[in-house]
>>> print(open('start01.pdb').read())   # PDB, C-alpha atoms, pLDDT in the B column
ATOM      1  CA  MET A  21      72.777 132.992  99.940  1.00 72.00           C
ATOM      2  CA  GLN A  22      72.922 133.212 103.727  1.00 80.00           C
ATOM      3  CA  VAL A  23      74.893 136.032 105.337  1.00 79.00           C
ATOM      4  CA  THR A  24      76.629 135.249 108.641  1.00 80.00           C
ATOM      5  CA  ALA A  25      77.820 138.007 110.940  1.00 88.00           C
ATOM      6  CA  LEU A  26      81.546 138.127 111.642  1.00 93.00           C
ATOM      7  CA  ARG A  27      82.668 138.114 115.263  1.00 94.00           C
ATOM      8  CA  SER A  28      86.031 138.861 116.837  1.00 95.00           C
ATOM      9  CA  TYR A  29      88.104 135.969 118.174  1.00 97.00           C
ATOM     10  CA  ARG A  30      91.425 135.842 119.992  1.00 96.00           C
ATOM     11  CA  CYS A  31      93.376 132.763 118.876  1.00 96.00           C
ATOM     12  CA  TYR A  32      96.262 131.561 121.039  1.00 94.00           C
ATOM     13  CA  HIS A  33      99.196 129.823 119.380  1.00 91.00           C
ATOM     14  CA  TYR A  34     102.493 128.162 120.218  1.00 84.00           C
ATOM     15  CA  PRO A  35     105.596 129.962 118.887  1.00 81.00           C
ATOM     16  CA  LYS A  36     107.962 128.133 116.534  1.00 81.00           C
ATOM     17  CA  THR A  37     111.655 127.390 116.786  1.00 79.00           C
ATOM     18  CA  PRO A  38     113.961 128.563 113.989  1.00 82.00           C
ATOM     19  CA  TYR A  39     113.554 125.018 112.611  1.00 83.00           C
ATOM     20  CA  GLY A  40     109.759 125.351 112.379  1.00 76.00           C
ATOM     21  CA  ARG A  41     108.781 123.159 115.320  1.00 79.00           C
ATOM     22  CA  PRO A  42     106.266 124.345 117.954  1.00 75.00           C
ATOM     23  CA  VAL A  43     107.708 125.247 121.351  1.00 77.00           C
ATOM     24  CA  ALA A  44     105.846 124.621 124.600  1.00 74.00           C
ATOM     25  CA  SER A  45     105.549 127.747 126.701  1.00 70.00           C
ATOM     26  CA  GLU A  46     107.545 127.585 129.941  1.00 71.00           C
ATOM     27  CA  THR A  47     105.303 130.132 131.659  1.00 73.00           C
ATOM     28  CA  GLY A  48     102.004 128.883 130.270  1.00 72.00           C
ATOM     29  CA  VAL A  49     101.383 132.209 128.525  1.00 78.00           C
ATOM     30  CA  LEU A  50     100.773 131.881 124.786  1.00 85.00           C
ATOM     31  CA  PHE A  51     100.995 134.436 121.994  1.00 89.00           C
ATOM     32  CA  PHE A  52      97.732 135.412 120.313  1.00 93.00           C
ATOM     33  CA  VAL A  53      96.318 136.968 117.172  1.00 95.00           C
ATOM     34  CA  GLN A  54      92.887 138.502 116.774  1.00 95.00           C
ATOM     35  CA  VAL A  55      90.784 137.640 113.735  1.00 96.00           C
ATOM     36  CA  ARG A  56      87.212 138.182 112.590  1.00 95.00           C
ATOM     37  CA  ALA A  57      85.318 135.069 111.560  1.00 95.00           C
ATOM     38  CA  SER A  58      81.852 133.521 111.540  1.00 94.00           C
ATOM     39  CA  SER A  59      82.772 130.747 114.013  1.00 94.00           C
ATOM     40  CA  ALA A  60      85.550 129.667 116.370  1.00 95.00           C
ATOM     41  CA  THR A  61      86.543 126.860 114.010  1.00 96.00           C
ATOM     42  CA  ARG A  62      86.867 129.272 111.094  1.00 96.00           C
ATOM     43  CA  ALA A  63      88.821 131.689 113.322  1.00 96.00           C
ATOM     44  CA  MET A  64      91.318 128.931 114.171  1.00 96.00           C
ATOM     45  CA  GLU A  65      91.711 128.110 110.472  1.00 96.00           C
ATOM     46  CA  LYS A  66      92.357 131.766 109.625  1.00 96.00           C
ATOM     47  CA  ALA A  67      94.816 132.179 112.520  1.00 95.00           C
ATOM     48  CA  ALA A  68      96.736 129.071 111.459  1.00 94.00           C
ATOM     49  CA  ALA A  69      96.949 130.416 107.903  1.00 95.00           C
ATOM     50  CA  VAL A  70      98.225 133.793 109.125  1.00 93.00           C
ATOM     51  CA  THR A  71     100.740 132.582 111.720  1.00 91.00           C
ATOM     52  CA  GLY A  72     101.742 129.192 110.336  1.00 88.00           C
ATOM     53  CA  CYS A  73     101.648 127.960 113.940  1.00 87.00           C
ATOM     54  CA  VAL A  74      99.652 125.386 115.880  1.00 87.00           C
ATOM     55  CA  ILE A  75      96.536 127.062 117.311  1.00 92.00           C
ATOM     56  CA  ASP A  76      95.660 126.051 120.873  1.00 90.00           C
ATOM     57  CA  ARG A  77      92.244 127.676 121.233  1.00 93.00           C
ATOM     58  CA  ALA A  78      89.958 130.479 120.081  1.00 96.00           C
ATOM     59  CA  GLU A  79      88.033 132.716 122.460  1.00 96.00           C
ATOM     60  CA  ARG A  80      85.203 134.935 121.319  1.00 95.00           C
ATOM     61  CA  GLN A  81      85.702 138.571 122.298  1.00 94.00           C
ATOM     62  CA  GLU A  82      82.497 140.165 123.546  1.00 85.00           C
ATOM     63  CA  GLY A  83      82.122 143.618 122.074  1.00 72.00           C
ATOM     64  CA  GLY A  84      80.355 145.875 124.531  1.00 53.00           C
ATOM     65  CA  ALA A  85      80.819 149.214 126.179  1.00 48.00           C
ATOM     66  CA  ALA A  86      82.209 149.096 129.690  1.00 45.00           C
TER      67      ALA A  86
END
>>> encode(input="start01.pdb", output="structure tokens")
Amino acid sequence: MQVTALRSYRCYHYPKTPYGRPVASETGVLFFVQVRASSATRAMEKAAAVTGCVIDRAERQEGGAA
């Protein structure tokens, strides 16, 4: 069994209307959720499962001291 380290990702998503349809952002700013996953693809899958929304992109969050 291979162990893969989990990394933090910020996944941006489009909000939904009360009827369940995605809404395009007028300002270009999207909502986001942060998840831990082994890859960006897996992070997008997890974010979609949590939010129930269309995921636009996933960005890996670098964890380092400033």
>>> closest_residue(input="start01.pdb", among="A:Arg30, A:Pro35, A:Glu65, A:Gly40", to="Val53 (chain A)", atoms="only C-alpha atoms")
A:Arg30
>>> resolve_selection(input="start01.pdb", expression="the PyMOL selection byres ((chain A and resi 50) around 12)", output="PyMOL selection string")
chain A and resi 30-36+42-49+51-53+73-78
>>> residues_around(input="start01.pdb", residues="Gly83 (chain A)", least_positions_apart="4", cutoff="12 Å", atoms="all atoms listed in the file", output="list in words")
Leu26, Arg27, Ser28 and Tyr29 of chain A
>>> write_last_selection(input="start01.pdb", atoms="C-alpha atoms", output="tab-separated table (two decimals), in the coordinates of the input")
chain	number	residue	atom	x	y	z
A	26	LEU	CA	81.55	138.13	111.64
A	27	ARG	CA	82.67	138.11	115.26
A	28	SER	CA	86.03	138.86	116.84
A	29	TYR	CA	88.10	135.97	118.17
>>> residues_around(input="start01.pdb", residues="Thr24 (chain A)", least_positions_apart="3", cutoff="12 Å", atoms="all atoms listed in the file", output="ChimeraX atom specification")
/A:21,27,56-59
>>> atom_distance(input="start01.pdb", atom1="CA of Arg80 (chain A)", atom2="CA of Thr37 (chain A)")
27.9 Å
>>> decode(input="start01.pdb", residues="region 62-84 of chain A", atoms="N, CA, C and O atoms", output="PDB file, in the first residue's frame")
ATOM      1  N   ARG A  62      -8.422  15.331  -7.082  1.00  0.00           N
ATOM      2  CA  ARG A  62      -9.143  14.767  -5.927  1.00  0.00           C
ATOM      3  C   ARG A  62      -9.739  15.881  -5.069  1.00  0.00           C
ATOM      4  O   ARG A  62     -10.840  15.747  -4.533  1.00  0.00           O
ATOM      5  N   ALA A  63      -9.026  17.004  -4.947  1.00  0.00           N
ATOM      6  CA  ALA A  63      -9.542  18.154  -4.194  1.00  0.00           C
ATOM      7  C   ALA A  63     -10.813  18.691  -4.832  1.00  0.00           C
ATOM      8  O   ALA A  63     -11.777  19.020  -4.140  1.00  0.00           O
ATOM      9  N   MET A  64     -10.839  18.770  -6.164  1.00  0.00           N
ATOM     10  CA  MET A  64     -12.031  19.258  -6.868  1.00  0.00           C
ATOM     11  C   MET A  64     -13.197  18.297  -6.669  1.00  0.00           C
ATOM     12  O   MET A  64     -14.336  18.729  -6.501  1.00  0.00           O
ATOM     13  N   GLU A  65     -12.925  17.007  -6.671  1.00  0.00           N
ATOM     14  CA  GLU A  65     -13.978  16.014  -6.436  1.00  0.00           C
ATOM     15  C   GLU A  65     -14.553  16.165  -5.036  1.00  0.00           C
ATOM     16  O   GLU A  65     -15.773  16.129  -4.839  1.00  0.00           O
ATOM     17  N   LYS A  66     -13.674  16.326  -4.044  1.00  0.00           N
ATOM     18  CA  LYS A  66     -14.131  16.491  -2.660  1.00  0.00           C
ATOM     19  C   LYS A  66     -14.937  17.780  -2.501  1.00  0.00           C
ATOM     20  O   LYS A  66     -15.968  17.798  -1.844  1.00  0.00           O
ATOM     21  N   ALA A  67     -14.448  18.876  -3.099  1.00  0.00           N
ATOM     22  CA  ALA A  67     -15.142  20.160  -2.992  1.00  0.00           C
ATOM     23  C   ALA A  67     -16.520  20.093  -3.638  1.00  0.00           C
ATOM     24  O   ALA A  67     -17.488  20.634  -3.112  1.00  0.00           O
ATOM     25  N   ALA A  68     -16.622  19.420  -4.773  1.00  0.00           N
ATOM     26  CA  ALA A  68     -17.919  19.273  -5.436  1.00  0.00           C
ATOM     27  C   ALA A  68     -18.875  18.467  -4.565  1.00  0.00           C
ATOM     28  O   ALA A  68     -20.066  18.777  -4.487  1.00  0.00           O
ATOM     29  N   ALA A  69     -18.359  17.442  -3.889  1.00  0.00           N
ATOM     30  CA  ALA A  69     -19.203  16.628  -3.016  1.00  0.00           C
ATOM     31  C   ALA A  69     -19.686  17.435  -1.809  1.00  0.00           C
ATOM     32  O   ALA A  69     -20.826  17.291  -1.374  1.00  0.00           O
ATOM     33  N   VAL A  70     -18.830  18.302  -1.292  1.00  0.00           N
ATOM     34  CA  VAL A  70     -19.182  19.096  -0.113  1.00  0.00           C
ATOM     35  C   VAL A  70     -20.162  20.213  -0.460  1.00  0.00           C
ATOM     36  O   VAL A  70     -21.147  20.429   0.238  1.00  0.00           O
ATOM     37  N   THR A  71     -19.888  20.938  -1.542  1.00  0.00           N
ATOM     38  CA  THR A  71     -20.693  22.116  -1.880  1.00  0.00           C
ATOM     39  C   THR A  71     -21.894  21.797  -2.759  1.00  0.00           C
ATOM     40  O   THR A  71     -22.877  22.526  -2.733  1.00  0.00           O
ATOM     41  N   GLY A  72     -21.777  20.767  -3.586  1.00  0.00           N
ATOM     42  CA  GLY A  72     -22.829  20.483  -4.560  1.00  0.00           C
ATOM     43  C   GLY A  72     -22.822  21.471  -5.717  1.00  0.00           C
ATOM     44  O   GLY A  72     -23.779  21.553  -6.468  1.00  0.00           O
ATOM     45  N   CYS A  73     -21.722  22.214  -5.844  1.00  0.00           N
ATOM     46  CA  CYS A  73     -21.610  23.250  -6.878  1.00  0.00           C
ATOM     47  C   CYS A  73     -20.571  22.866  -7.923  1.00  0.00           C
ATOM     48  O   CYS A  73     -19.763  21.971  -7.718  1.00  0.00           O
ATOM     49  N   VAL A  74     -20.592  23.592  -9.041  1.00  0.00           N
ATOM     50  CA  VAL A  74     -19.600  23.416 -10.089  1.00  0.00           C
ATOM     51  C   VAL A  74     -18.288  24.036  -9.607  1.00  0.00           C
ATOM     52  O   VAL A  74     -18.252  25.199  -9.204  1.00  0.00           O
ATOM     53  N   ILE A  75     -17.203  23.261  -9.660  1.00  0.00           N
ATOM     54  CA  ILE A  75     -15.899  23.744  -9.213  1.00  0.00           C
ATOM     55  C   ILE A  75     -15.149  24.301 -10.421  1.00  0.00           C
ATOM     56  O   ILE A  75     -15.020  23.640 -11.445  1.00  0.00           O
ATOM     57  N   ASP A  76     -14.663  25.530 -10.282  1.00  0.00           N
ATOM     58  CA  ASP A  76     -13.948  26.195 -11.371  1.00  0.00           C
ATOM     59  C   ASP A  76     -12.486  25.777 -11.421  1.00  0.00           C
ATOM     60  O   ASP A  76     -11.959  25.456 -12.473  1.00  0.00           O
ATOM     61  N   ARG A  77     -11.821  25.798 -10.263  1.00  0.00           N
ATOM     62  CA  ARG A  77     -10.402  25.453 -10.227  1.00  0.00           C
ATOM     63  C   ARG A  77      -9.972  25.136  -8.796  1.00  0.00           C
ATOM     64  O   ARG A  77     -10.657  25.473  -7.844  1.00  0.00           O
ATOM     65  N   ALA A  78      -8.821  24.489  -8.697  1.00  0.00           N
ATOM     66  CA  ALA A  78      -8.210  24.188  -7.397  1.00  0.00           C
ATOM     67  C   ALA A  78      -6.800  24.751  -7.401  1.00  0.00           C
ATOM     68  O   ALA A  78      -6.050  24.562  -8.363  1.00  0.00           O
ATOM     69  N   GLU A  79      -6.442  25.434  -6.330  1.00  0.00           N
ATOM     70  CA  GLU A  79      -5.100  25.992  -6.196  1.00  0.00           C
ATOM     71  C   GLU A  79      -4.461  25.415  -4.940  1.00  0.00           C
ATOM     72  O   GLU A  79      -5.047  25.443  -3.871  1.00  0.00           O
ATOM     73  N   ARG A  80      -3.239  24.912  -5.099  1.00  0.00           N
ATOM     74  CA  ARG A  80      -2.535  24.354  -3.965  1.00  0.00           C
ATOM     75  C   ARG A  80      -2.050  25.485  -3.076  1.00  0.00           C
ATOM     76  O   ARG A  80      -1.473  26.456  -3.543  1.00  0.00           O
ATOM     77  N   GLN A  81      -2.287  25.346  -1.778  1.00  0.00           N
ATOM     78  CA  GLN A  81      -1.856  26.344  -0.802  1.00  0.00           C
ATOM     79  C   GLN A  81      -0.501  25.914  -0.259  1.00  0.00           C
ATOM     80  O   GLN A  81      -0.365  24.834   0.308  1.00  0.00           O
ATOM     81  N   GLU A  82       0.489  26.750  -0.460  1.00  0.00           N
ATOM     82  CA  GLU A  82       1.836  26.454   0.047  1.00  0.00           C
ATOM     83  C   GLU A  82       1.832  26.707   1.546  1.00  0.00           C
ATOM     84  O   GLU A  82       1.428  27.769   2.006  1.00  0.00           O
ATOM     85  N   GLY A  83       2.293  25.753   2.298  1.00  0.00           N
ATOM     86  CA  GLY A  83       2.320  25.899   3.748  1.00  0.00           C
ATOM     87  C   GLY A  83       3.725  26.205   4.237  1.00  0.00           C
ATOM     88  O   GLY A  83       4.545  25.323   4.355  1.00  0.00           O
ATOM     89  N   GLY A  84       4.003  27.463   4.467  1.00  0.00           N
ATOM     90  CA  GLY A  84       5.323  27.843   4.955  1.00  0.00           C
ATOM     91  C   GLY A  84       5.215  29.027   5.887  1.00  0.00           C
ATOM     92  O   GLY A  84       4.246  29.764   5.850  1.00  0.00           O
TER      93      GLY A  84
END
